[in-house]
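Take a look at the structure below.
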Amino acid sequence: MPMEKTFNAAEAEPRIYKMWEEAGAFKAGANASRDETFCIMLPPPNVTGHLHVGHAFNHTIMDMLTRWKRMQGYDTLWQPGLDHAGIATQLMVEKDLAETQQPKRTEMGREKFLGKVWEWKAAKGGTIEQQARRLGDSMDWSRSAFTMSGAESAPATEKPGNFHDAVLKVFVEMYNKGLIYRGKRLVNWDPHFETAISDLEVENIEVDGHMWHFKYPLAGGETYEYVEKDEDGNVTLRETRDYISIATTRPETILGDGAVAVHKDDERYAPIVGKLCEIPVGPKEHRRLIPIITDPYPDPDFGSGAVKITGAHDFNDYEVAKRGGIPMYNLMDTKGAMRADGKPYAEEAAMAQRYADEWLIRKGFKEKPDGLYIDTGEPHEATVAAMNLVPDEYRGLDRFEARKRLVADITAEGLAVMIPAPAPEPGPQPGDDTEVPDQVRDAGHWEPFVEAKKIMQPFGDRSKVVIEPMLTDQWFVDTAKIVGPALDAVKEGRTKIMPESGEKVYYHWLENIEPWCISRQLWWGHQIPVWYGPNADENGELEFPDERGQFQRPLQAFCANTPEEAAHQAAAFYGVTTEDIVPVADQNTGWSWLAKDDGDYPIWRDPDVLDTWFSSGLWPFGTLGWPAEDEAMKYFPGDVLVTGQDILFFWVARMMMMSEAILGQEPFHTVYLHQLVRDAKGEKMSKTKGNVIDPLDMIDAYGADALRFSNAQMAALGGVLKISEDRIKGYRNFGTKLWNAFSFADHYQIPYPGDAARPDATQTLNKWIIGETGKVRETVDAAMEAYRFNDAADALYAFTWGKVCDWYLEFSKPILQGDDAAAKAETEQTLRWVLDQCLILLHPIMPFITEELWQLADSRAKMLVHAAWPTYTAADLVDADADREMNWVIDLIDNVRSARAQVHVPAGAKVSLLVTGLDDKGQSAWDNNHVLIQRLARIESLSHVDAFPKGCVTIPMAGGTFGIPLADLIDVKEEIARLEKTMQKLGKELGGLRGRLNNPKFVASAPEDVVEEAKANLALRENEEAQLKAAIARLAEIG
RNA sequence: GGGUGAUUAGCUCAGUUGGUAGAGCGCUUCCUUUACACGGAAGAUGUCGGGAGUUCGAGCCUCUCAUCACCCACCA
C-alpha cells in the first residue's frame, strides 16, 4: 500500500497518543533496563490553567529529556500534577457563583463554598492535562498529583492522595523546630482579595503620583527660627515658623501618624526636636499631638527633611516606629477603605491621646502634670491596633477618595505649604517669557505645593490593585534559619543552575531573604493546623477578652496534625481531660464559651490557609507519596527542574529550602531556567495587544511535532524565546521531508523493516553515511547532556535533510536501480538502517511522526517510544577513506553544478567533462563514483586530456583540474569574470594564511596543529590558485 | 540606586577552553527531472553596536561609551 502523500498530523497524533497511553508506555519505569532513575517533576500548572506557549516550550524540553532517557533504559518518571492555586481558583469560583446567580462565598459559608470549589475542579479543572496530551507529553498520568489531595474538604469522588498530609506534617515539624512563627507585622495586603500576600506577589510599578507638602503646626502656637543654608554655610533663608513642613505621597495616612521624624544632624529642626506638633486634620478639638523625634531614617536632603511616621501603613515608618516605640494606628479595613468600626472618633481620639500623653510623659516629651498622676501602662498592641482614629466624616470612604477629601480639607484650612503659581500659559510677554512675571507673584497667585512625581507603587500581581501595607497577625517562615543549606547546595555544586547567571540571582535573593508570610485570608487552601485557646495565668485562670474582643495575653496555640491531637495538647496544657476541650467554630463563639465559664475549654482553629507556594515547595517529594512509605520515593531526589526564570524565587528557591529543611537533600541536581516565551518580535504576549499565539492553534495547523521542533530549536541556553509561525511551518516541512524519505524507500520497494541490523558495509557510499550517522549520534547526545537542545535539533535537521536526503538518497538511486545485487542489498539495508536511526534520534523531539513511520513497518518488536537509543560512536563507524572520497565527490558535483549554472548551461543538458593531471586518488574516486557524479552533475562522459581546448569552463579540484568544453557556447568574458571573482575570494583567504605563516611569531607561538592546518590549507589554496590562473590565461588568449 | 543579559546577513537567532563567521525564514535566477513544489539546483547579503587594550591572532578576553530588555530595591 503506497504511503500517504504527507503525514496527517490531525488524524495520526490522537491515535498514536492513545496507543502509547493505553500501552502504558509512559508509566514510571516503563522500558527500564537499568536501575538508575531519571525523574522530572512537572511544574504543576494551576488547576484553572490552560496551555500556553510557555508550557508548550517547557514541556517540549522535559519530554525530550524524558523520552531520551527512557529510550536509554533509565527507570524514568515524569511526574505530572496540578496546583490548587489558592487565589486564582477561589476567584474563578466566586466569579462563577456570581454569574450563575448563586449565593456569595461569604453567604454560603466556608464548608459549602469549598464544596463548590471541588465541584468546579471536577467539572472544569485540569483542562490543561488534556491539552498537554496533544503536545505528546510522556508523563505518567496515572500518578497525576494534586496539591490539595487528601484535604478534609475533598469529596470522596476525588482521586485519593495525601498531599495534604505532607503539607500538615511539614508545617507541624517546622513549627516544632521554631522555623515557623506567628506575629503581628506589617505585611502586604491585597484589598481586592482581602488577604495578605508575600513580597514576591507584589509588583512595583512606576506611576504618576503627587507629593503634597503640608504644615504640621507646633503645639501651643510655638514658633522657631527656621534657617536654611547652602553648602558653604551661607544663610539662604531665614524665617520664623510655627509649623514643620512635611511631604507625603499618601495624605490619607496622616490620620495614623504617631510622630514626625528628622535626622539628628539636621540643624534646621534642632530647635524643635522633642517638641510636639499637631496633626493637621480632623475635628479641631481632637487634634492629636505627636512628638518630633530623631531617627537615622530621614534624609535631610530629600523633601523638607522631616518625615511623618505612620507605623501601620508604611514599611519604612514601621521600622522607625518599632525603633522608637511609636504607636501604630490601623486606619483601613480589609477592603482598603477607611475604617468605620469602633467608637465615635471623639472617644477614640481621646483614648489614643490619653495613651499617647502617658507615653510622651514616660519618654520625656511632656512634663508630668502637677499633682497625682497615674500611668495606666502601655496599652497592648492589639488595643492600639483596635482603635479607630479615622474622623467620622472620613469613615467608610475608599482610601483614594479619603485622600482627595483630606487634601481639600487641609488646603482649605490653610495648612498646605504654598508656592508661587507658575505663569499662566504664556500670552505674549515683553522680553523674557520664561520668567514668572512679577505682577503674577505680586498679585498673590499662590497655590498649594504639589509636586507631580513618578512614584513606585506596589500592585498585587494578580489583583492589579494597589497593595496596602497593613498591620495584621500572620504566620511566617523564618527563612533566615533554613536558607543556609539551600545556598550551600548551589555554591557547592550539588545543584547547578543553568544558565549560570541564574546562580548569581539566586544567591542575591537568598542572601537577603526576608521572612516569608505564609498565611492567606482565603478559604481555598490548606487550612493552618493550629488551634488557639485562651491563655491562662499562673493560677490557671483563663483570660477574658476585653470589650473590643481583644486578648491582652497572647493566645495559646496548639499545632497538630489532627484536631484530636490538638485537643490532646490543649487538655494537657489546661490540665483537664480531652472531654473538657470543646472545639468551636470561631473565636466569637469561643468568647461565649468563655463567658459561660462552665468548665469547658474552647479551642478554635486558625481560619487562614497557607500560601499556595508553601505546598508547591513540597512538590518534589509530596508527589511521591511522602510522608507515607512509598516505593516511588526512589525517584527522589529528582534530576532536572525545567522552569521559567520568573519563578526562581517563588518556587525553585522554596523547593530547595523545604527539601533541605525536611529531607536534608536538594530536590534536583540541575535547574534549567528559561525565559518568557515571546512573540516573533520579542514582545510579551498579551490579550490586549492581541499577539497571543495559542499552541493548540499551532498544533492544529502544523502538528505537534513541528511546534516541538521549533521549541527545541529555540532553546539556546539563556536565550530569548521568540516563537514564530514561519519557523513552525518550516519544521512541519522538515517532517514532510522525513516522511518523503520513507516514501522514497517505499517507492524503491525496499523491505520494511527488513534487516534492522547495521550492515557491514563494503560500498564507500554506505560506509560514508554510516560514519555520518555515528557523528550525529554523538553530537546529539553531547548536546542533550549539555542541555543545548538547539544544537541537538540543528544537528538532526542538517543530518536528515542535508546529508541523508540531499545526498545519500540521491547517491543510492543508481545502485537501487542497478544490477549489482550484492551492492543493492547492502544499500537497501543501509538505507533502512539509516532511516531507522533518523527516527530513533528524532523521536524525543518529534515523537508522533517518527512513531508513525516506525510502525509503518510490517512488524516491530517494540514501539519506537521504547526503542533502544544507540551508543555507537564516530570512532566506531567513521571510515576515513570513505569520508574523504565521498566529500571529494560531493565537492566535484557542487563545483560542476555551480559552474554550469553560472555560465547558463541548461539544467537538463548533459555535458562532457575533461580532466587534466588527475592523480591516483582522484582517479579512483572517479572510478568508484562516476555513476553518481555523472547522474547528479549531468555529465555525459569524462575524457583525459593534456590541455583544455579553447572555450572551456575550469573547475579546480584537489588532485586534478576538471573542465567543461563548451566551444562557442561559452561567453568568454563572463567566464573570466566568474573565475576572477573566485580568485578574489581565494585571494582574501590566501592573504590571511600567508600573513600568518610569514609571521615568525605565529609559527613560534601558535599550537603546532594550528600551524600545520594553516600550511596544509595554504598548499590546497595555492594549488587552486594556480589552476585558476592557468584557466584565465587560456581564456585571455582567445578573448 | 543595584544587578543580569543583549547588540552578528533584510528578519529571527546560533556561534561551548581566542585560530579568521553560520542556520532558518525572506529575497533573486532556473527547474512541474519517476521520494518530496511543505520540493530541487544555483546565487546575493555581514568593517560581528562605537572606541581603546591584551595577543602572533579577538564575534569570543579586559576597559570604556552608547542603545535596548528584564529582575531587584523603602526615599517620605
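In the C-alpha cells, chains take letters A, B, ... by order of appearance, with residues numbered from 1 within each chain and ligands from 1 in the order shown.
The environment of G51 of chain B within 12 Å, counting only C-alpha atoms (C1' of nucleotides) and disregarding residues fewer than 2 places along the same chain, consists of G49, G53, C63, U64, C65 and A66 of chain B.
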Residues as selected, all heavy atoms, written as a short mmCIF file (atom, residue, chain, number, x, y, z; two decimals), in the first residue's frame, can you do that?
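Output saved as result_23.cif:
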data_model
loop_
_atom_site.label_atom_id
_atom_site.label_comp_id
_atom_site.auth_asym_id
_atom_site.auth_seq_id
_atom_site.Cartn_x
_atom_site.Cartn_y
_atom_site.Cartn_z
P G B 49 28.61 43.61 17.41
OP1 G B 49 29.84 43.47 18.22
OP2 G B 49 27.32 43.06 17.86
"O5'" G B 49 28.44 45.16 17.11
"C5'" G B 49 27.46 45.61 16.20
"C4'" G B 49 27.22 47.08 16.40
"O4'" G B 49 26.39 47.26 17.58
"C3'" G B 49 28.49 47.88 16.69
"O3'" G B 49 29.19 48.22 15.53
"C2'" G B 49 27.90 49.09 17.42
"O2'" G B 49 27.29 49.98 16.53
"C1'" G B 49 26.83 48.41 18.28
N9 G B 49 27.38 47.97 19.57
C8 G B 49 27.49 46.68 20.02
N7 G B 49 28.03 46.60 21.21
C5 G B 49 28.29 47.93 21.56
C6 G B 49 28.87 48.47 22.73
O6 G B 49 29.28 47.88 23.73
N1 G B 49 28.94 49.85 22.67
C2 G B 49 28.51 50.62 21.62
N2 G B 49 28.68 51.93 21.74
N3 G B 49 27.98 50.13 20.51
C4 G B 49 27.89 48.79 20.55
P G B 53 44.85 50.85 21.29
OP1 G B 53 46.21 51.44 21.15
OP2 G B 53 44.21 50.20 20.13
"O5'" G B 53 44.86 49.81 22.49
"C5'" G B 53 45.45 50.18 23.73
"C4'" G B 53 45.17 49.12 24.77
"O4'" G B 53 43.75 48.81 24.79
"C3'" G B 53 45.82 47.77 24.55
"O3'" G B 53 47.18 47.76 24.94
"C2'" G B 53 44.95 46.87 25.44
"O2'" G B 53 45.30 47.01 26.80
"C1'" G B 53 43.56 47.47 25.22
N9 G B 53 42.80 46.73 24.21
C8 G B 53 42.47 47.13 22.93
N7 G B 53 41.77 46.24 22.28
C5 G B 53 41.63 45.19 23.18
C6 G B 53 40.96 43.93 23.04
O6 G B 53 40.35 43.49 22.08
N1 G B 53 41.07 43.17 24.20
C2 G B 53 41.73 43.56 25.33
N2 G B 53 41.73 42.69 26.35
N3 G B 53 42.35 44.73 25.48
C4 G B 53 42.25 45.48 24.37
P C B 63 36.30 44.44 32.76
OP1 C B 63 36.00 44.49 34.21
OP2 C B 63 35.30 43.90 31.82
"O5'" C B 63 36.71 45.90 32.27
"C5'" C B 63 37.70 46.65 32.98
"C4'" C B 63 38.04 47.89 32.21
"O4'" C B 63 38.61 47.53 30.92
"C3'" C B 63 36.86 48.78 31.84
"O3'" C B 63 36.45 49.59 32.92
"C2'" C B 63 37.44 49.59 30.69
"O2'" C B 63 38.28 50.63 31.14
"C1'" C B 63 38.28 48.53 29.97
N1 C B 63 37.55 47.92 28.84
C2 C B 63 37.48 48.62 27.62
O2 C B 63 38.03 49.73 27.56
N3 C B 63 36.82 48.08 26.57
C4 C B 63 36.24 46.89 26.70
N4 C B 63 35.61 46.39 25.64
C5 C B 63 36.28 46.15 27.92
C6 C B 63 36.95 46.69 28.96
P U B 64 34.91 50.03 33.03
OP1 U B 64 34.76 50.80 34.29
OP2 U B 64 34.05 48.85 32.77
"O5'" U B 64 34.79 51.03 31.80
"C5'" U B 64 35.47 52.28 31.81
"C4'" U B 64 35.28 52.97 30.48
"O4'" U B 64 35.82 52.14 29.43
"C3'" U B 64 33.83 53.19 30.06
"O3'" U B 64 33.25 54.32 30.69
"C2'" U B 64 33.96 53.34 28.55
"O2'" U B 64 34.42 54.62 28.20
"C1'" U B 64 35.05 52.31 28.24
N1 U B 64 34.47 51.01 27.84
C2 U B 64 34.08 50.86 26.52
O2 U B 64 34.20 51.75 25.70
N3 U B 64 33.54 49.64 26.21
C4 U B 64 33.36 48.56 27.05
O4 U B 64 32.87 47.52 26.62
C5 U B 64 33.78 48.79 28.40
C6 U B 64 34.31 49.98 28.74
P C B 65 31.70 54.33 31.00
OP1 C B 65 31.44 55.39 31.98
OP2 C B 65 31.24 52.94 31.27
"O5'" C B 65 31.11 54.79 29.60
"C5'" C B 65 31.48 56.03 29.03
"C4'" C B 65 31.03 56.10 27.60
"O4'" C B 65 31.72 55.08 26.82
"C3'" C B 65 29.56 55.79 27.36
"O3'" C B 65 28.71 56.89 27.65
"C2'" C B 65 29.56 55.41 25.89
"O2'" C B 65 29.63 56.54 25.05
"C1'" C B 65 30.87 54.62 25.79
N1 C B 65 30.65 53.17 25.94
C2 C B 65 30.21 52.44 24.83
O2 C B 65 30.04 53.05 23.76
N3 C B 65 29.98 51.11 24.94
C4 C B 65 30.19 50.51 26.11
N4 C B 65 29.95 49.19 26.18
C5 C B 65 30.62 51.21 27.27
C6 C B 65 30.84 52.53 27.15
P A B 66 27.20 56.61 28.11
OP1 A B 66 26.60 57.91 28.49
OP2 A B 66 27.19 55.50 29.08
"O5'" A B 66 26.51 56.12 26.76
"C5'" A B 66 26.45 56.99 25.63
"C4'" A B 66 25.90 56.25 24.44
"O4'" A B 66 26.79 55.16 24.08
"C3'" A B 66 24.57 55.56 24.69
"O3'" A B 66 23.48 56.46 24.61
"C2'" A B 66 24.56 54.52 23.56
"O2'" A B 66 24.21 55.11 22.33
"C1'" A B 66 26.03 54.10 23.53
N9 A B 66 26.29 52.87 24.31
C8 A B 66 26.85 52.76 25.56
N7 A B 66 26.94 51.52 25.98
C5 A B 66 26.40 50.78 24.94
C6 A B 66 26.20 49.38 24.77
N6 A B 66 26.55 48.47 25.67
N1 A B 66 25.64 48.96 23.61
C2 A B 66 25.29 49.89 22.70
N3 A B 66 25.42 51.21 22.74
C4 A B 66 25.99 51.60 23.91
#
How close does chain A get to chain B? List, as a tab-separated table, each residue of chain A within 6 Å, its nearest atom pair and the distance in Å to one decimal, counting only C-alpha atoms (C1' of nucleotides).
residue	atom	partner	partner_atom	distance
A:Thr248	CA	B:A76	C1'	5.7
A:Val307	CA	B:A76	C1'	5.6
A:Asn316	CA	B:C74	C1'	5.4
A:Asn733	CA	B:C38	C1'	4.3
A:Asn740	CA	B:A35	C1'	4.9
A:Ala741	CA	B:A35	C1'	5.7
A:Ser743	CA	B:A35	C1'	5.2
A:Phe744	CA	B:A35	C1'	3.7
A:Ala901	CA	B:A42	C1'	5.8
A:Lys1001	CA	B:C56	C1'	4.7
A:Phe1002	CA	B:C56	C1'	3.9
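For segment 190-234 of chain A, backbone-based DSSP labels the following residues as strand (DSSP E): Asp190, Thr195, Ala196, Ile197, Val202, Glu203, Asn204, Ile205, Glu206, Val207, Asp208, Gly209, His210, Met211, Trp212, His213, Phe214, Lys215, Tyr216, Pro217, Tyr224, Glu225, Tyr226, Val227, Glu228 and Lys229 of chain A.
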Residues near Arg323 of chain A, cut-off 12 Å, only C-alpha atoms (C1' of nucleotides), skip fewer than 6 positions along chain, as an mmCIF file with N, CA and C atoms, in the first residue's frame:
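result-v5.cif, written as the output of this step:
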data_model
loop_
_atom_site.group_PDB
_atom_site.id
_atom_site.type_symbol
_atom_site.label_atom_id
_atom_site.label_comp_id
_atom_site.auth_asym_id
_atom_site.auth_seq_id
_atom_site.Cartn_x
_atom_site.Cartn_y
_atom_site.Cartn_z
ATOM 1 N N ALA A 261 9.575 62.538 62.252
ATOM 2 C CA ALA A 261 10.990 62.244 62.487
ATOM 3 C C ALA A 261 11.872 63.147 61.633
ATOM 4 N N ILE A 293 10.662 63.600 66.691
ATOM 5 C CA ILE A 293 11.756 62.768 67.204
ATOM 6 C C ILE A 293 12.900 62.741 66.201
ATOM 7 N N THR A 294 14.026 62.153 66.603
ATOM 8 C CA THR A 294 15.115 61.961 65.643
ATOM 9 C C THR A 294 15.253 60.479 65.344
ATOM 10 N N ASP A 295 15.673 60.221 64.118
ATOM 11 C CA ASP A 295 15.862 58.844 63.677
ATOM 12 C C ASP A 295 16.843 58.887 62.516
ATOM 13 N N PRO A 296 17.612 57.838 62.328
ATOM 14 C CA PRO A 296 18.575 57.850 61.208
ATOM 15 C C PRO A 296 17.891 57.823 59.841
ATOM 16 N N TYR A 297 16.623 57.424 59.811
ATOM 17 C CA TYR A 297 15.983 57.207 58.503
ATOM 18 C C TYR A 297 15.802 58.458 57.640
ATOM 19 N N ILE A 309 5.571 59.755 60.540
ATOM 20 C CA ILE A 309 5.746 58.329 60.798
ATOM 21 C C ILE A 309 4.381 57.683 61.022
ATOM 22 N N GLY A 311 3.358 54.132 61.343
ATOM 23 C CA GLY A 311 3.910 52.774 61.502
ATOM 24 C C GLY A 311 3.055 51.673 60.919
ATOM 25 N N ASN A 316 8.854 51.617 55.814
ATOM 26 C CA ASN A 316 9.940 52.371 56.442
ATOM 27 C C ASN A 316 9.518 52.901 57.796
ATOM 28 N N ASP A 317 8.329 53.468 57.793
ATOM 29 C CA ASP A 317 7.819 54.046 59.029
ATOM 30 C C ASP A 317 7.697 52.973 60.105
#
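Of note, atom CA of His313 of chain A and atom CA of Thr249 of chain A are spaced 12.3 Å apart.
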Spatial neighbours of segment 825-837 of chain A, max dist 10 Å, only C-alpha atoms (C1' of nucleotides), sep filter under 6 positions, as an NGL selection string: :A and (738 or 741-742 or 745 or 748-763 or 765-767 or 769-770 or 772-774 or 776-777 or 800 or 804-805 or 808-809 or 812-813 or 815-816 or 843 or 850 or 853-854 or 864 or 869-870)
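In this model, the gap between atom CA of Pro217 of chain A and atom CA of Ile244 of chain A comes to 6.4 Å.
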